[in-house]
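K.L.:
File follows, coords-v1.pdb with PDB, C-alpha atoms:
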ATOM      1  CA  MET G  69      96.585  16.376  45.753
ATOM      2  CA  ALA G  70      95.409  16.743  49.346
ATOM      3  CA  GLU G  71      98.122  17.063  51.981
ATOM      4  CA  VAL G  72      98.173  16.073  55.642
ATOM      5  CA  ARG G  73     101.070  17.625  57.557
ATOM      6  CA  TYR G  74     102.325  16.326  60.875
ATOM      7  CA  PRO G  75     104.528  18.284  63.281
ATOM      8  CA  ASP G  76     106.723  15.183  63.616
ATOM      9  CA  LEU G  77     106.563  11.507  62.730
ATOM     10  CA  PRO G  78     103.340   9.888  64.007
ATOM     11  CA  ALA G  79     103.746   7.127  66.577
ATOM     12  CA  GLY G  80     103.319   3.831  64.784
ATOM     13  CA  GLY G  81     101.743   1.746  67.554
ATOM     14  CA  PRO G  82      98.408   3.570  68.032
ATOM     15  CA  LEU G  83      97.972   4.035  64.264
ATOM     16  CA  LEU G  84      98.660   0.373  63.560
ATOM     17  CA  LEU G  85      96.209  -0.771  66.214
ATOM     18  CA  ARG G  86      93.569   1.645  64.913
ATOM     19  CA  SER G  87      93.985   0.301  61.392
ATOM     20  CA  LEU G  88      93.937  -3.320  62.572
ATOM     21  CA  VAL G  89      90.601  -2.939  64.341
ATOM     22  CA  ARG G  90      88.958  -1.078  61.445
ATOM     23  CA  VAL G  91      88.032  -4.223  59.547
ATOM     24  CA  GLY G  92      84.288  -3.858  59.087
ATOM     25  CA  GLY G  93      82.839  -1.741  56.314
ATOM     26  CA  ARG G  94      85.837  -1.957  53.989
ATOM     27  CA  PRO G  95      84.796  -2.185  50.311
ATOM     28  CA  ARG G  96      85.440  -5.432  48.457
ATOM     29  CA  ARG G  97      85.712  -3.587  45.128
ATOM     30  CA  VAL G  98      88.118  -0.661  44.827
ATOM     31  CA  SER G  99      88.648   1.530  41.776
ATOM     32  CA  ALA G 100      90.919   4.288  43.079
ATOM     33  CA  LEU G 101      93.201   5.345  45.931
ATOM     34  CA  PRO G 102      92.770   8.654  47.773
ATOM     35  CA  PRO G 103      95.043  11.432  46.404
ATOM     36  CA  THR G 104      96.562  12.261  49.781
ATOM     37  CA  VAL G 105     100.169  12.819  50.782
ATOM     38  CA  ALA G 106     101.298  12.544  54.411
ATOM     39  CA  ARG G 107     104.233  14.819  55.168
ATOM     40  CA  VAL G 108     106.685  15.824  57.893
ATOM     41  CA  ARG G 109     109.229  18.608  57.473
ATOM     42  CA  GLY G 110     112.550  19.001  59.265
ATOM     43  CA  HIS G 111     112.564  15.689  61.122
ATOM     44  CA  ARG G 112     115.575  15.381  63.434
ATOM     45  CA  GLN G 113     116.843  11.821  63.591
ATOM     46  CA  ASP G 114     117.076  10.115  66.979
ATOM     47  CA  VAL G 115     120.704   9.013  67.287
ATOM     48  CA  ALA G 116     120.052   6.667  70.226
ATOM     49  CA  ARG G 117     117.197   4.954  68.378
ATOM     50  CA  LEU G 118     119.358   4.667  65.263
ATOM     51  CA  ALA G 119     122.101   3.017  67.314
ATOM     52  CA  ARG G 120     119.626   0.449  68.667
ATOM     53  CA  TYR G 121     118.254  -0.143  65.166
ATOM     54  CA  ASP G 122     121.743  -0.709  63.773
ATOM     55  CA  GLU G 123     122.487  -3.181  66.564
ATOM     56  CA  VAL G 124     119.288  -5.192  66.006
ATOM     57  CA  CYS G 125     119.811  -5.308  62.232
ATOM     58  CA  GLY G 126     123.554  -5.926  62.192
ATOM     59  CA  TYR G 127     124.699  -2.620  60.737
ATOM     60  CA  THR G 128     127.889  -0.863  61.720
ATOM     61  CA  LEU G 129     127.101   2.374  63.539
ATOM     62  CA  ARG G 130     128.309   5.182  61.310
ATOM     63  CA  ASP G 131     127.477   8.741  60.298
ATOM     64  CA  ALA G 132     125.871   7.785  56.963
ATOM     65  CA  VAL G 133     122.536   6.022  57.526
ATOM     66  CA  SER G 134     121.124   3.036  55.635
ATOM     67  CA  PRO G 135     118.183   3.265  53.220
ATOM     68  CA  THR G 136     116.214   0.810  55.360
ATOM     69  CA  TRP G 137     116.505   3.232  58.292
ATOM     70  CA  ILE G 138     114.882   5.925  56.165
ATOM     71  CA  HIS G 139     112.118   3.450  55.340
ATOM     72  CA  VAL G 140     111.595   2.998  59.089
ATOM     73  CA  LEU G 141     111.232   6.771  59.452
ATOM     74  CA  THR G 142     108.547   6.851  56.746
ATOM     75  CA  PHE G 143     106.678   3.866  58.198
ATOM     76  CA  GLY G 144     104.697   6.033  60.621
ATOM     77  CA  LEU G 145     103.542   8.122  57.666
ATOM     78  CA  GLN G 146     102.499   4.928  55.861
ATOM     79  CA  LEU G 147     100.356   3.992  58.842
ATOM     80  CA  ALA G 148      98.959   7.520  59.098
ATOM     81  CA  LEU G 149      97.893   7.345  55.451
ATOM     82  CA  MET G 150      96.333   3.890  55.806
ATOM     83  CA  SER G 151      94.443   4.897  58.962
ATOM     84  CA  GLN G 152      92.621   7.737  57.154
ATOM     85  CA  ARG G 153      88.897   7.051  56.885
ATOM     86  CA  ASP G 154      88.902   7.248  53.091
ATOM     87  CA  PHE G 155      91.703   4.704  52.670
ATOM     88  CA  PRO G 156      90.049   1.586  51.238
ATOM     89  CA  PHE G 157      92.278  -1.102  52.764
ATOM     90  CA  GLY G 158      92.551  -2.070  56.417
ATOM     91  CA  LEU G 159      95.928  -3.198  57.670
ATOM     92  CA  ALA G 160      94.605  -6.550  58.891
ATOM     93  CA  GLY G 161      95.456  -9.124  56.249
ATOM     94  CA  LEU G 162      97.726  -6.927  54.149
ATOM     95  CA  VAL G 163     100.885  -8.648  52.923
ATOM     96  CA  HIS G 164     104.076  -6.691  52.244
ATOM     97  CA  VAL G 165     105.187  -8.416  49.028
ATOM     98  CA  SER G 166     108.100  -6.267  47.841
ATOM     99  CA  ASN G 167     110.209  -3.232  48.599
ATOM    100  CA  ASP G 168     112.227  -1.087  46.228
ATOM    101  CA  MET G 169     114.322   1.892  47.305
ATOM    102  CA  THR G 170     117.010   4.094  45.881
ATOM    103  CA  LEU G 171     119.612   6.005  47.843
ATOM    104  CA  LEU G 172     120.322   8.953  45.556
ATOM    105  CA  ALA G 173     122.822  10.704  47.829
ATOM    106  CA  PRO G 174     124.441   9.896  51.175
ATOM    107  CA  VAL G 175     122.216  10.764  54.132
ATOM    108  CA  HIS G 176     123.867  11.582  57.451
ATOM    109  CA  VAL G 177     122.436  11.213  60.913
ATOM    110  CA  ALA G 178     122.586  14.975  61.536
ATOM    111  CA  ASP G 179     120.596  15.801  58.377
ATOM    112  CA  PRO G 180     117.088  17.171  59.021
ATOM    113  CA  LEU G 181     114.750  15.238  56.725
ATOM    114  CA  ASP G 182     111.605  16.257  54.883
ATOM    115  CA  LEU G 183     109.629  13.014  54.565
ATOM    116  CA  SER G 184     106.478  12.184  52.637
ATOM    117  CA  VAL G 185     104.344   9.178  51.682
ATOM    118  CA  ARG G 186     101.546   8.796  49.149
ATOM    119  CA  ALA G 187      99.592   5.877  47.688
ATOM    120  CA  SER G 188      99.738   4.872  44.036
ATOM    121  CA  GLY G 189      99.805   1.936  41.643
ATOM    122  CA  LEU G 190      96.486   0.212  42.376
ATOM    123  CA  ALA G 191      96.492  -2.974  40.291
ATOM    124  CA  PRO G 192      94.663  -6.309  40.042
ATOM    125  CA  HIS G 193      96.383  -9.429  41.363
ATOM    126  CA  ARG G 194      95.408 -13.079  41.053
ATOM    127  CA  ARG G 195      94.804 -13.124  44.823
ATOM    128  CA  GLY G 196      93.222  -9.668  45.144
ATOM    129  CA  ALA G 197      94.793  -6.260  44.555
ATOM    130  CA  THR G 198      98.168  -4.623  45.037
ATOM    131  CA  PHE G 199      99.030  -1.018  45.746
ATOM    132  CA  ASP G 200     102.184   0.971  46.398
ATOM    133  CA  LEU G 201     103.108   3.365  49.163
ATOM    134  CA  LEU G 202     105.677   5.751  47.742
ATOM    135  CA  GLY G 203     108.081   7.419  50.161
ATOM    136  CA  GLU G 204     110.474  10.289  49.623
ATOM    137  CA  ALA G 205     113.152  11.947  51.722
ATOM    138  CA  ARG G 206     114.700  15.336  51.015
ATOM    139  CA  VAL G 207     117.632  17.199  52.513
ATOM    140  CA  ASP G 208     117.722  20.954  51.807
ATOM    141  CA  GLY G 209     115.189  20.454  49.023
ATOM    142  CA  GLN G 210     117.178  17.693  47.287
ATOM    143  CA  VAL G 211     115.609  14.248  46.899
ATOM    144  CA  VAL G 212     118.065  11.852  48.574
ATOM    145  CA  TRP G 213     115.938   8.700  48.961
ATOM    146  CA  GLN G 214     112.912   7.189  47.261
ATOM    147  CA  GLY G 215     111.065   4.074  48.367
ATOM    148  CA  ARG G 216     108.240   1.893  47.114
ATOM    149  CA  SER G 217     106.499  -0.601  49.402
ATOM    150  CA  THR G 218     104.079  -2.879  47.540
ATOM    151  CA  TYR G 219     101.247  -4.465  49.515
ATOM    152  CA  LEU G 220      98.779  -7.201  48.606
ATOM    153  CA  ALA G 221      95.166  -6.881  49.776
ATOM    154  CA  ARG G 222      93.673 -10.338  49.462
ATOM    155  CA  GLY G 223      90.097 -10.858  48.329
ATOM    156  CA  VAL G 224      89.665  -7.338  46.921
ATOM    157  CA  ALA G 225      88.588  -6.791  43.311
ATOM    158  CA  VAL G 226      89.865  -3.940  41.144
ATOM    159  CA  PRO G 227      89.228  -3.284  37.443
ATOM    160  CA  GLY G 228      91.484  -4.910  34.860
ATOM    161  CA  GLU G 229      93.418  -8.133  34.441
ATOM    162  CA  PRO G 230      96.518  -9.105  36.445
ATOM    163  CA  GLU G 231      99.793  -8.662  34.606
ATOM    164  CA  PRO G 232     102.848 -10.898  35.087
ATOM    165  CA  ARG G 233     105.441  -9.398  37.400
ATOM    166  CA  MET G 234     109.179  -9.919  37.236
ATOM    167  CA  ARG G 235     110.629 -11.234  40.470
ATOM    168  CA  ALA G 236     114.210 -10.967  41.684
ATOM    169  CA  LYS G 237     116.321 -14.026  40.828
ATOM    170  CA  ASP G 238     118.126 -16.313  43.225
ATOM    171  CA  PRO G 239     121.915 -15.864  42.954
ATOM    172  CA  GLY G 240     122.270 -19.642  42.733
ATOM    173  CA  VAL G 241     125.276 -19.899  45.033
ATOM    174  CA  ARG G 242     125.766 -21.567  48.395
ATOM    175  CA  VAL G 243     125.032 -19.685  51.587
ATOM    176  CA  SER G 244     127.978 -17.822  53.066
ATOM    177  CA  GLN G 245     126.357 -16.915  56.397
ATOM    178  CA  VAL G 246     123.899 -18.555  58.770
ATOM    179  CA  TRP G 247     121.721 -16.370  60.965
ATOM    180  CA  ARG G 248     120.088 -17.732  64.118
ATOM    181  CA  LEU G 249     116.920 -15.798  64.908
ATOM    182  CA  PRO G 250     115.879 -15.733  68.586
ATOM    183  CA  ALA G 251     112.251 -15.852  69.668
ATOM    184  CA  ASP G 252     112.353 -12.234  70.880
ATOM    185  CA  LEU G 253     113.669 -10.820  67.580
ATOM    186  CA  GLY G 254     110.209  -9.586  66.562
ATOM    187  CA  ARG G 255     109.830  -7.659  69.815
ATOM    188  CA  ARG G 256     113.342  -6.210  69.555
ATOM    189  CA  TYR G 257     112.785  -5.020  65.986
ATOM    190  CA  ALA G 258     109.340  -3.647  66.841
ATOM    191  CA  ALA G 259     110.892  -1.536  69.606
ATOM    192  CA  VAL G 260     113.245   0.233  67.178
ATOM    193  CA  SER G 261     111.029   0.317  64.090
ATOM    194  CA  GLY G 262     107.574   1.115  65.444
ATOM    195  CA  ASP G 263     106.092  -1.863  63.553
ATOM    196  CA  VAL G 264     104.154  -3.558  66.351
ATOM    197  CA  ASN G 265     102.040  -5.824  64.155
ATOM    198  CA  PRO G 266     101.069  -8.661  66.544
ATOM    199  CA  ILE G 267     102.008 -11.432  64.063
ATOM    200  CA  HIS G 268     105.636 -10.583  64.921
ATOM    201  CA  LEU G 269     105.122 -10.375  68.671
ATOM    202  CA  SER G 270     102.748 -13.134  69.732
ATOM    203  CA  ALA G 271     102.402 -16.765  68.654
ATOM    204  CA  LEU G 272      98.698 -16.631  69.530
ATOM    205  CA  ALA G 273      98.120 -13.575  67.327
ATOM    206  CA  ALA G 274     100.186 -15.091  64.521
ATOM    207  CA  ARG G 275      98.048 -18.254  64.577
ATOM    208  CA  ALA G 276      94.907 -16.091  64.417
ATOM    209  CA  PHE G 277      96.203 -14.725  61.109
ATOM    210  CA  GLY G 278      97.050 -18.166  59.732
ATOM    211  CA  PHE G 279     100.727 -18.500  60.693
ATOM    212  CA  PRO G 280     101.925 -21.496  62.720
ATOM    213  CA  SER G 281     104.163 -19.256  64.854
ATOM    214  CA  MET G 282     105.448 -15.700  65.124
ATOM    215  CA  ILE G 283     107.235 -14.512  61.996
ATOM    216  CA  VAL G 284     110.112 -12.095  61.656
ATOM    217  CA  HIS G 285     109.501  -8.670  60.109
ATOM    218  CA  GLY G 286     110.243  -8.694  56.391
ATOM    219  CA  MET G 287     112.003  -5.345  56.725
ATOM    220  CA  TRP G 288     114.302  -6.783  59.399
ATOM    221  CA  THR G 289     115.332  -9.489  56.915
ATOM    222  CA  HIS G 290     115.830  -6.803  54.260
ATOM    223  CA  ALA G 291     117.956  -4.696  56.596
ATOM    224  CA  ARG G 292     119.973  -7.688  57.797
ATOM    225  CA  ALA G 293     120.773  -8.600  54.182
ATOM    226  CA  LEU G 294     122.009  -5.071  53.433
ATOM    227  CA  ALA G 295     124.061  -5.139  56.621
ATOM    228  CA  ALA G 296     125.718  -8.331  55.354
ATOM    229  CA  LEU G 297     126.637  -6.456  52.149
ATOM    230  CA  GLU G 298     127.557  -3.203  53.893
ATOM    231  CA  GLY G 299     131.145  -2.967  52.654
ATOM    232  CA  ARG G 300     130.160  -3.660  49.035
ATOM    233  CA  LEU G 301     127.294  -1.235  48.457
ATOM    234  CA  GLY G 302     128.887   2.131  47.725
ATOM    235  CA  THR G 303     127.341   5.475  48.627
ATOM    236  CA  THR G 304     124.418   5.471  46.174
ATOM    237  CA  TYR G 305     122.481   2.475  44.876
ATOM    238  CA  ARG G 306     119.093   0.919  44.289
ATOM    239  CA  VAL G 307     117.978  -2.188  46.170
ATOM    240  CA  ALA G 308     114.843  -4.176  45.353
ATOM    241  CA  VAL G 309     113.591  -7.203  47.272
ATOM    242  CA  ASP G 310     110.702  -9.669  47.078
ATOM    243  CA  PHE G 311     109.388 -11.225  50.274
ATOM    244  CA  THR G 312     108.668 -14.777  49.119
ATOM    245  CA  LYS G 313     108.121 -16.824  52.303
ATOM    246  CA  PRO G 314     107.547 -15.914  55.975
ATOM    247  CA  ILE G 315     110.341 -16.817  58.406
ATOM    248  CA  PRO G 316     109.162 -18.348  61.703
ATOM    249  CA  LEU G 317     110.561 -17.356  65.084
ATOM    250  CA  PRO G 318     112.685 -18.756  66.521
ATOM    251  CA  GLY G 319     114.493 -20.017  63.452
ATOM    252  CA  ARG G 320     117.586 -20.210  61.336
ATOM    253  CA  VAL G 321     118.212 -18.961  57.792
ATOM    254  CA  GLY G 322     121.128 -18.747  55.395
ATOM    255  CA  PHE G 323     122.365 -15.785  53.375
ATOM    256  CA  ALA G 324     123.868 -16.040  49.875
ATOM    257  CA  ALA G 325     125.127 -13.302  47.544
ATOM    258  CA  GLN G 326     126.785 -13.146  44.144
ATOM    259  CA  GLU G 327     128.264 -10.305  42.096
ATOM    260  CA  ASP G 328     126.225  -9.841  38.906
ATOM    261  CA  GLY G 329     127.574  -7.323  36.385
ATOM    262  CA  ASP G 330     127.522  -3.941  38.117
ATOM    263  CA  GLY G 331     125.321  -5.199  40.941
ATOM    264  CA  ILE G 332     124.743  -7.951  43.484
ATOM    265  CA  ARG G 333     122.066 -10.634  43.688
ATOM    266  CA  PHE G 334     121.263 -12.005  47.117
ATOM    267  CA  ALA G 335     118.900 -14.384  48.871
ATOM    268  CA  VAL G 336     117.834 -15.364  52.359
ATOM    269  CA  ARG G 337     116.921 -19.060  52.429
ATOM    270  CA  SER G 338     115.230 -21.357  54.920
ATOM    271  CA  ARG G 339     117.000 -24.432  56.288
ATOM    272  CA  SER G 340     115.440 -26.458  53.450
ATOM    273  CA  GLY G 341     116.876 -24.048  50.873
ATOM    274  CA  THR G 342     113.574 -22.336  50.009
ATOM    275  CA  PRO G 343     114.037 -18.599  49.297
ATOM    276  CA  CYS G 344     112.369 -16.368  51.898
ATOM    277  CA  LEU G 345     113.705 -13.135  50.411
ATOM    278  CA  LEU G 346     115.242 -12.446  46.994
ATOM    279  CA  GLY G 347     116.918  -9.169  46.129
ATOM    280  CA  ASP G 348     119.339  -7.294  43.964
ATOM    281  CA  VAL G 349     121.454  -4.204  44.291
ATOM    282  CA  THR G 350     122.172  -2.073  41.235
ATOM    283  CA  HIS G 351     124.007   1.192  40.663
ATOM    284  CA  PRO G 352     121.923   3.237  38.235
TER     285      PRO G 352
END
As a first step, turn the structure in this file into structure tokens.
P.N.:
Amino acid sequence: MAEVRYPDLPAGGPLLLRSLVRVGGRPRRVSALPPTVARVRGHRQDVARLARYDEVCGYTLRDAVSPTWIHVLTFGLQLALMSQRDFPFGLAGLVHVSNDMTLLAPVHVADPLDLSVRASGLAPHRRGATFDLLGEARVDGQVVWQGRSTYLARGVAVPGEPEPRMRAKDPGVRVSQVWRLPADLGRRYAAVSGDVNPIHLSALAARAFGFPSMIVHGMWTHARALAALEGRLGTTYRVAVDFTKPIPLPGRVGFAAQEDGDGIRFAVRSRSGTPCLLGDVTHP
């Protein structure tokens, strides 16, 4: 497997813009993903940025960091991988459909992190193709976090037939919290996450991509849900979510959660009750 090493995490903004403008010349049939891993060793976490991230997402500032924060740290490597010339999918039009991550050991803000991302799991989908970006974080050689971001590339053909996919289930209980989402939430989250996709920042850009207004980042919704469960998660766990419906900005959504065996099912719902995010926490 080829390896691309970076001295520190790549800046997300320039990479995202480069990938967005590289629309022409992308293949409409794809049979394989490049065997490349993007890697950074010994990353020192930015405490001030973490504090701003925690504030935007509703977390309590503490020494142990959240798994969604580690995802944010790997996001620049995701963009670096997707901006490589041999990567078959441009970022324009990609849909983040699900996220699955496991916190295998507590990670502290002072821990230097070895981070990596690679692509895998190319599969046919009824609307195109899906693929996974697999992230990993290590502390002193020990794997402490693993993440899987699944993206849908619409209108792309890959060999094979689509297989049915299990989706997280709605907990089926009433909402216990209501979150009011201000119009500037996309810009605030972009500033701490590095995800400056214009559909979250500009109503005009969002309409150009088929949305009636700006939409909130799916990973903000994911993080906000975990923040709502913060006292019930434990120190190690797996959390998997499906992004089922975009949330317009400004807006209002409700949060519901229910204990389920040794885990928790949760949902973020629109004002009409339609699930926008479904997830579950388990303790493997």
K.L.:
What is the distance, in Å and to one decimal place, between atom CA of Tyr74 of chain G and atom CA of Val140 of chain G?
P.N.:
16.3 Å
K.L.:
Please enumerate the residues selected by the PyMOL selection byres ((chain G and resi 342-346) around 8) when evaluated against the supplied file, formatted as an MDAnalysis selection string.
P.N.:
chainID G and resid 236:238 289:290 309:315 333:341 347:348
K.L.:
With only C-alpha atoms as the counted atoms, please give the residues lying no more than 7 Å from Val241 of chain G, apart from itself and same-chain residues fewer than 2 positions off, as a PDB file with C-alpha atoms, in the frame of the given file.
P.N.:
ATOM      1  CA  PRO G 239     121.915 -15.864  42.954  1.00  0.00           C
ATOM      2  CA  VAL G 243     125.032 -19.685  51.587  1.00  0.00           C
ATOM      3  CA  ALA G 324     123.868 -16.040  49.875  1.00  0.00           C
ATOM      4  CA  GLN G 326     126.785 -13.146  44.144  1.00  0.00           C
TER       5      GLN G 326
END
K.L.:
I'd like the residues picked by the PyMOL selection byres ((chain G and resi 116-129) around 8) written out as a list of chain:residue names, using the chain letters and numbers from the file.
P.N.:
G:Gln113, G:Asp114, G:Val115, G:Arg130, G:Asp131, G:Trp137, G:Arg256, G:Tyr257, G:Val260, G:Ser261, G:Trp288, G:Ala291, G:Arg292, G:Ala295, G:Ala296, G:Glu298
K.L.:
The PyMOL selection byres ((chain G and resi 133) around 6) - which residues does that actually catch in the file I just gave you? List them as a list of chain:residue names.
P.N.:
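In the shown coordinates, the PyMOL selection byres ((chain G and resi 133) around 6) covers G:Ala132, G:Ser134, G:Val175, G:His176.
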K.L.:
Would you work out the distance separating atom CA of Val108 of chain G from atom CA of Leu220 of chain G, expressed in Å to one decimal?
P.N.:
26.1 Å
K.L.:
Restricting the calculation to all atoms listed in the file: of G:Gly215, G:Pro227, G:Pro78, G:Gly203, which residue gets closest to Leu183 of chain G?
P.N.:
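Result for the nearest residue to Leu183 of chain G: G:Gly203.
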K.L.:
Closest to His139 of chain G among G:Pro102, G:Asp252, G:Gly189, G:Gly262, using only C-alpha atoms?
P.N.:
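Of the candidates, the smallest distance to His139 of chain G is held by G:Gly262.
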K.L.:
Find the residues near Arg216 of chain G: any atom within 10 Å, counting all atoms listed in the file, skip ones fewer than 4 places away on the same chain, and give them as a list in words.
P.N.:
His139, Ser166, Asn167, Asp168, Met169, Thr170, Val185, Arg186, Ala187, Ser188, Phe199, Asp200, Leu201, Leu202, Gly203, Glu204 and Ala308 of chain G
K.L.:
Between atom CA of Pro280 of chain G and atom CA of Thr198 of chain G, what distance in Å does the model show, to one decimal?
P.N.:
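A separation of 24.7 Å between them.
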